[in-house]
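File shown: coords.cif (mmCIF, C-alpha atoms).
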```
data_upload
loop_
_atom_site.label_atom_id
_atom_site.label_comp_id
_atom_site.auth_asym_id
_atom_site.auth_seq_id
_atom_site.Cartn_x
_atom_site.Cartn_y
_atom_site.Cartn_z
CA MET A 503 91.64 57.60 162.98
CA SER A 504 92.82 54.07 163.66
CA ASP A 505 94.00 52.64 160.34
CA LEU A 506 97.31 50.83 159.85
CA ILE A 507 99.11 53.82 158.35
CA ALA A 508 98.12 56.04 161.27
CA ARG A 509 99.50 53.50 163.75
CA GLN A 510 102.69 52.99 161.75
CA ILE A 511 103.37 56.74 161.66
CA ALA A 512 102.57 57.08 165.36
CA GLY A 513 105.00 54.27 166.06
CA ALA A 514 107.72 55.90 163.96
CA LEU A 515 107.22 59.21 165.80
CA LEU A 516 107.61 57.48 169.15
CA ASP A 517 110.59 55.41 167.96
CA ILE A 518 112.62 58.53 167.10
CA ARG A 519 111.41 60.41 170.19
CA ALA A 520 109.72 63.05 168.08
CA VAL A 521 106.83 63.12 170.57
CA GLY A 522 107.40 64.56 174.00
CA PHE A 523 104.96 64.52 176.90
CA VAL A 524 105.83 67.44 179.17
CA LEU A 525 103.06 67.44 181.74
CA GLU A 526 105.23 68.97 184.47
CA LYS A 527 106.62 71.72 182.22
CA PRO A 528 104.07 72.52 179.48
CA ILE A 529 105.36 74.38 176.45
CA THR A 530 103.84 77.28 174.51
CA PHE A 531 103.13 76.91 170.79
CA LYS A 532 103.67 79.76 168.35
CA SER A 533 99.89 80.23 168.34
CA GLY A 534 99.93 80.88 172.11
CA ILE A 535 98.41 77.52 173.01
CA ILE A 536 99.98 76.03 176.16
CA ALA A 537 100.44 72.28 175.72
CA PRO A 538 101.51 69.22 177.76
CA MET A 539 102.99 67.57 174.65
CA TYR A 540 104.92 68.48 171.52
CA ILE A 541 105.79 66.90 168.18
CA ASP A 542 109.11 67.52 166.39
CA ASN A 543 108.93 66.06 162.89
CA ARG A 544 112.22 67.74 161.98
CA ARG A 545 113.94 64.70 163.49
CA PHE A 546 112.87 62.36 160.69
CA PRO A 547 115.70 63.00 158.17
CA SER A 548 118.14 61.86 160.88
CA TYR A 549 116.34 58.50 160.99
CA PRO A 550 116.07 57.29 157.37
CA LYS A 551 114.32 54.00 158.19
CA GLU A 552 111.51 55.75 160.09
CA TRP A 553 111.45 58.63 157.61
CA ARG A 554 110.85 56.16 154.79
CA ILE A 555 107.77 54.94 156.71
CA VAL A 556 106.46 58.50 156.59
CA LEU A 557 107.21 58.98 152.88
CA ASP A 558 105.64 55.61 152.05
CA GLY A 559 102.63 56.67 154.13
CA PHE A 560 102.24 59.81 152.01
CA ILE A 561 102.49 57.74 148.83
CA ALA A 562 99.90 55.25 150.07
CA LYS A 563 97.45 58.04 150.96
CA ILE A 564 97.99 59.78 147.62
CA LYS A 565 97.20 56.54 145.79
CA GLU A 566 94.29 55.68 148.09
CA GLN A 567 92.63 59.05 147.48
CA LYS A 568 93.67 59.18 143.82
CA THR A 569 95.05 62.67 144.42
CA GLN A 570 96.08 64.30 141.16
CA PHE A 571 98.92 66.85 141.07
CA ASP A 572 101.72 68.20 138.89
CA ILE A 573 104.10 69.57 141.51
CA LEU A 574 104.88 68.99 145.19
CA ALA A 575 105.50 71.92 147.51
CA GLY A 576 106.86 72.29 151.03
CA ILE A 577 106.86 75.32 153.32
CA GLU A 578 110.22 76.36 154.71
CA THR A 579 111.79 74.88 156.56
CA ALA A 580 110.18 71.81 158.09
CA GLY A 581 108.04 70.89 155.08
CA ILE A 582 110.85 71.01 152.52
CA PRO A 583 112.61 67.67 153.26
CA HIS A 584 109.33 65.76 152.99
CA SER A 585 108.19 67.37 149.74
CA ALA A 586 111.67 66.97 148.24
CA GLY A 587 111.92 63.34 149.35
CA LEU A 588 108.51 62.57 147.86
CA GLY A 589 109.52 64.31 144.65
CA VAL A 590 112.45 61.92 144.24
CA LEU A 591 110.38 58.82 145.03
CA LEU A 592 107.49 59.84 142.76
CA THR A 593 109.64 61.45 140.05
CA LYS A 594 107.70 64.70 140.46
CA PRO A 595 108.96 68.29 140.54
CA SER A 596 109.29 69.82 144.00
CA ILE A 597 109.31 73.50 144.95
CA PHE A 598 109.08 75.41 148.22
CA ILE A 599 107.33 78.43 149.69
CA ARG A 600 109.15 80.98 151.80
CA LYS A 601 107.70 82.20 155.09
CA SER A 602 108.76 85.71 154.14
CA ALA A 603 110.41 87.30 151.13
CA LYS A 604 114.16 87.90 151.09
CA ASP A 605 115.25 91.53 151.20
CA HIS A 606 117.41 90.99 148.12
CA GLY A 607 117.30 89.15 144.80
CA THR A 608 113.97 88.45 143.12
CA LYS A 609 112.07 88.48 146.44
CA LYS A 610 109.94 85.59 145.24
CA MET A 611 107.85 83.67 147.74
CA VAL A 612 107.56 80.53 145.61
CA GLU A 613 110.98 79.13 144.77
CA GLY A 614 112.23 76.32 142.55
CA GLY A 615 110.04 76.45 139.48
CA ASP A 616 107.04 77.88 137.68
CA VAL A 617 103.67 76.85 139.17
CA GLU A 618 101.32 78.88 136.98
CA GLY A 619 98.39 76.73 135.89
CA LYS A 620 99.83 73.69 137.70
CA ILE A 621 98.10 71.59 140.34
CA VAL A 622 100.28 71.77 143.44
CA LEU A 623 100.09 69.29 146.32
CA LEU A 624 101.20 70.98 149.54
CA ILE A 625 103.17 68.80 151.98
CA GLU A 626 103.46 69.84 155.63
CA ASP A 627 105.09 68.29 158.66
CA LEU A 628 102.57 69.49 161.26
CA VAL A 629 99.29 71.40 161.39
CA THR A 630 98.17 73.11 164.60
CA THR A 631 95.95 76.09 163.79
CA GLY A 632 96.72 75.89 160.07
CA GLY A 633 98.14 79.39 159.67
CA SER A 634 101.47 78.37 158.16
CA SER A 635 99.93 75.91 155.71
CA LEU A 636 97.28 78.34 154.51
CA HIS A 637 99.92 81.04 154.11
CA GLY A 638 101.54 78.64 151.66
CA VAL A 639 98.22 78.10 149.89
CA THR A 640 97.76 81.85 149.54
CA GLU A 641 101.24 82.35 148.08
CA LEU A 642 100.82 79.48 145.64
CA ARG A 643 97.48 80.80 144.44
CA GLU A 644 98.92 84.28 144.04
CA ALA A 645 101.52 82.63 141.80
CA LYS A 646 98.54 81.27 139.82
CA ALA A 647 98.87 77.68 141.01
CA ILE A 648 95.87 75.42 141.65
CA VAL A 649 95.84 74.12 145.22
CA LYS A 650 93.20 71.65 146.34
CA ASP A 651 95.01 69.38 148.81
CA CYS A 652 97.40 69.53 151.73
CA PHE A 653 98.97 66.37 153.16
CA VAL A 654 100.54 66.48 156.62
CA ILE A 655 102.33 64.00 158.88
CA VAL A 656 100.35 65.02 161.97
CA SER A 657 97.35 67.29 162.47
CA TYR A 658 96.26 68.27 165.95
CA GLY A 659 92.73 68.40 164.59
CA PHE A 660 91.85 71.69 166.28
CA ALA A 661 88.49 73.20 165.34
CA GLU A 662 90.03 76.41 164.00
CA SER A 663 92.26 74.54 161.57
CA LYS A 664 89.34 72.50 160.27
CA LYS A 665 87.34 75.68 159.76
CA SER A 666 90.23 77.50 158.07
CA PHE A 667 90.96 74.71 155.62
CA LYS A 668 87.28 74.41 154.76
CA GLU A 669 87.02 78.15 154.14
CA ALA A 670 90.12 78.00 151.94
CA ASN A 671 88.58 75.10 150.00
CA VAL A 672 91.57 72.87 150.70
CA LYS A 673 91.27 69.22 151.72
CA LEU A 674 93.57 68.35 154.62
CA THR A 675 94.80 64.76 154.87
CA ALA A 676 96.82 63.73 157.95
CA LEU A 677 98.82 60.51 158.18
CA THR A 678 98.14 60.27 161.91
CA ASP A 679 96.54 62.21 164.76
CA ILE A 680 96.87 62.85 168.48
CA ASP A 681 94.39 60.15 169.53
CA THR A 682 96.34 57.48 167.64
CA ILE A 683 99.67 58.70 169.01
CA MET A 684 98.30 58.56 172.57
CA GLU A 685 96.84 55.11 171.94
CA VAL A 686 100.17 53.69 170.73
CA ALA A 687 102.09 55.51 173.48
CA GLU A 688 99.81 53.97 176.11
CA GLU A 689 100.25 50.50 174.61
CA ARG A 690 104.02 50.93 174.83
CA GLY A 691 103.94 52.12 178.42
CA ILE A 692 105.15 55.60 177.49
CA LEU A 693 101.91 57.24 178.62
CA ASP A 694 100.06 56.01 181.71
CA THR A 695 96.32 56.29 182.24
CA LYS A 696 96.55 59.39 184.45
CA SER A 697 98.84 61.22 182.03
CA LYS A 698 96.67 60.26 179.07
CA LYS A 699 93.66 61.77 180.85
CA ILE A 700 95.57 65.05 181.32
CA VAL A 701 96.59 65.16 177.65
CA LYS A 702 93.03 64.38 176.53
CA GLY A 703 91.79 67.20 178.77
CA TRP A 704 94.13 69.60 177.02
CA TYR A 705 93.24 68.23 173.60
CA GLY A 706 89.55 68.82 174.31
CA ASP A 707 90.04 72.50 175.17
CA PRO A 708 93.54 73.58 174.06
CA TRP A 709 93.05 77.34 174.33
CA ASN A 710 91.78 77.30 177.91
CA TRP A 711 93.69 74.32 179.32
CA GLY A 712 96.77 76.34 180.25
CA LYS A 713 94.74 78.87 182.20
#
```

As a first step, turn the structure in this file into structure tokens.
Amino acid sequence: MSDLIARQIAGALLDIRAVGFVLEKPITFKSGIIAPMYIDNRRFPSYPKEWRIVLDGFIAKIKEQKTQFDILAGIETAGIPHSAGLGVLLTKPSIFIRKSAKDHGTKKMVEGGDVEGKIVLLIEDLVTTGGSSLHGVTELREAKAIVKDCFVIVSYGFAESKKSFKEANVKLTALTDIDTIMEVAEERGILDTKSKKIVKGWYGDPWNWGK
């Protein structure tokens, strides 16, 4: 991926310090993957100028791919601001999917409106293995929604996520990827050649790198 949108999003991520390279103190993802970098897209709403770049990127990709949908959906909590923001800009309804049901009230997993028979476009902030996103797909389909597409700010592009989305018959569209982020970071002097090589080594074998 090397198109203009991908570079713009990568630049916005670096501008708000949403990307961290932690080669000396690798972190552990929820999936168990040990990584020398992290991405925190939850920072975007605090930076409206850069956030607008992301929302405009989503809109451009939706138009480019002629993606048809009735409702936008975000998964709590990180996906909600982006789906809600897009809903305002596109004048489209926006709902959200809970990670787990509340122990009181209606105990619904899909909140904010009726999705039965509607085409729902899922918006995510980040895809690693794809488990969270596909949980949302499952809940939406159980609520009788039609889900064909998931748009995400960044996808790590791991093999298991590609396989899972394919098996779920959902097209995943990412605004940017790790290679583009590293490319822009290197151009800006944030990532030197040696560090980039380490990150690429991890990216090539994420499950075994930490061992």

- Selection dump of the PyMOL selection byres ((chain A and resi 612-629) around 9), as a ChimeraX atom specification: /A:541-544,569-577,580-582,584-585,595-600,610-611,630-635,638-639,641-643,645-660,663,676

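Here, the PyMOL selection byres ((chain A and resi 554-559) around 7) matches Ile507, Ile511, Pro550, Lys551, Glu552, Trp553, Phe560, Ile561, Ala562, Lys563, Leu588 and Leu677 of chain A.
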
Go ahead and save the picked residues with C-alpha atoms, as a PDB file, in the coordinates of the input.
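Contents of result31.pdb, as written:
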```
ATOM      1  CA  ILE A 507      99.110  53.820 158.350  1.00  0.00           C
ATOM      2  CA  ILE A 511     103.370  56.740 161.660  1.00  0.00           C
ATOM      3  CA  PRO A 550     116.070  57.290 157.370  1.00  0.00           C
ATOM      4  CA  LYS A 551     114.320  54.000 158.190  1.00  0.00           C
ATOM      5  CA  GLU A 552     111.510  55.750 160.090  1.00  0.00           C
ATOM      6  CA  TRP A 553     111.450  58.630 157.610  1.00  0.00           C
ATOM      7  CA  PHE A 560     102.240  59.810 152.010  1.00  0.00           C
ATOM      8  CA  ILE A 561     102.490  57.740 148.830  1.00  0.00           C
ATOM      9  CA  ALA A 562      99.900  55.250 150.070  1.00  0.00           C
ATOM     10  CA  LYS A 563      97.450  58.040 150.960  1.00  0.00           C
ATOM     11  CA  LEU A 588     108.510  62.570 147.860  1.00  0.00           C
ATOM     12  CA  LEU A 677      98.820  60.510 158.180  1.00  0.00           C
TER      13      LEU A 677
END
```

- Counting all atoms listed in the file, what is within 10 Å of A:Ala687, bar same-chain residues fewer than 2 positions away, as a list in words? Ala512, Gly513, Leu515, Leu516, Val521, Asp681, Thr682, Ile683, Met684, Glu685, Glu689, Arg690, Gly691, Ile692, Leu693, Asp694 and Lys698 of chain A

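You will find atom CA of A:Val701 at 7.5 Å from atom CA of A:Met539.
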
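Proximity of A:Lys601, A:Lys713, A:Ala670, A:Lys665 to A:Glu578, computed with only C-alpha atoms, is greatest for A:Lys601.
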
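Between atom CA of A:Ser548 and atom CA of A:Ala520 the separation is 11.1 Å.
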
- Query: Can you tell me, as an NGL selection string, what residues are no more than 8 Å from A:Gly712 when counting all atoms listed in the file, ignoring any on the same chain fewer than 4 positions away?
  - Reply: :A and (535-537 or 704 or 708)

- To one decimal place, how far is atom CA of A:Val686 from atom CA of A:Arg509 in Å? 7.0 Å

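Considering the residues A:Asn710, A:Ala514, A:Ala508, A:Leu636 and counting all atoms listed in the file, A:Lys673 has its shortest atom-to-atom contact with A:Leu636.
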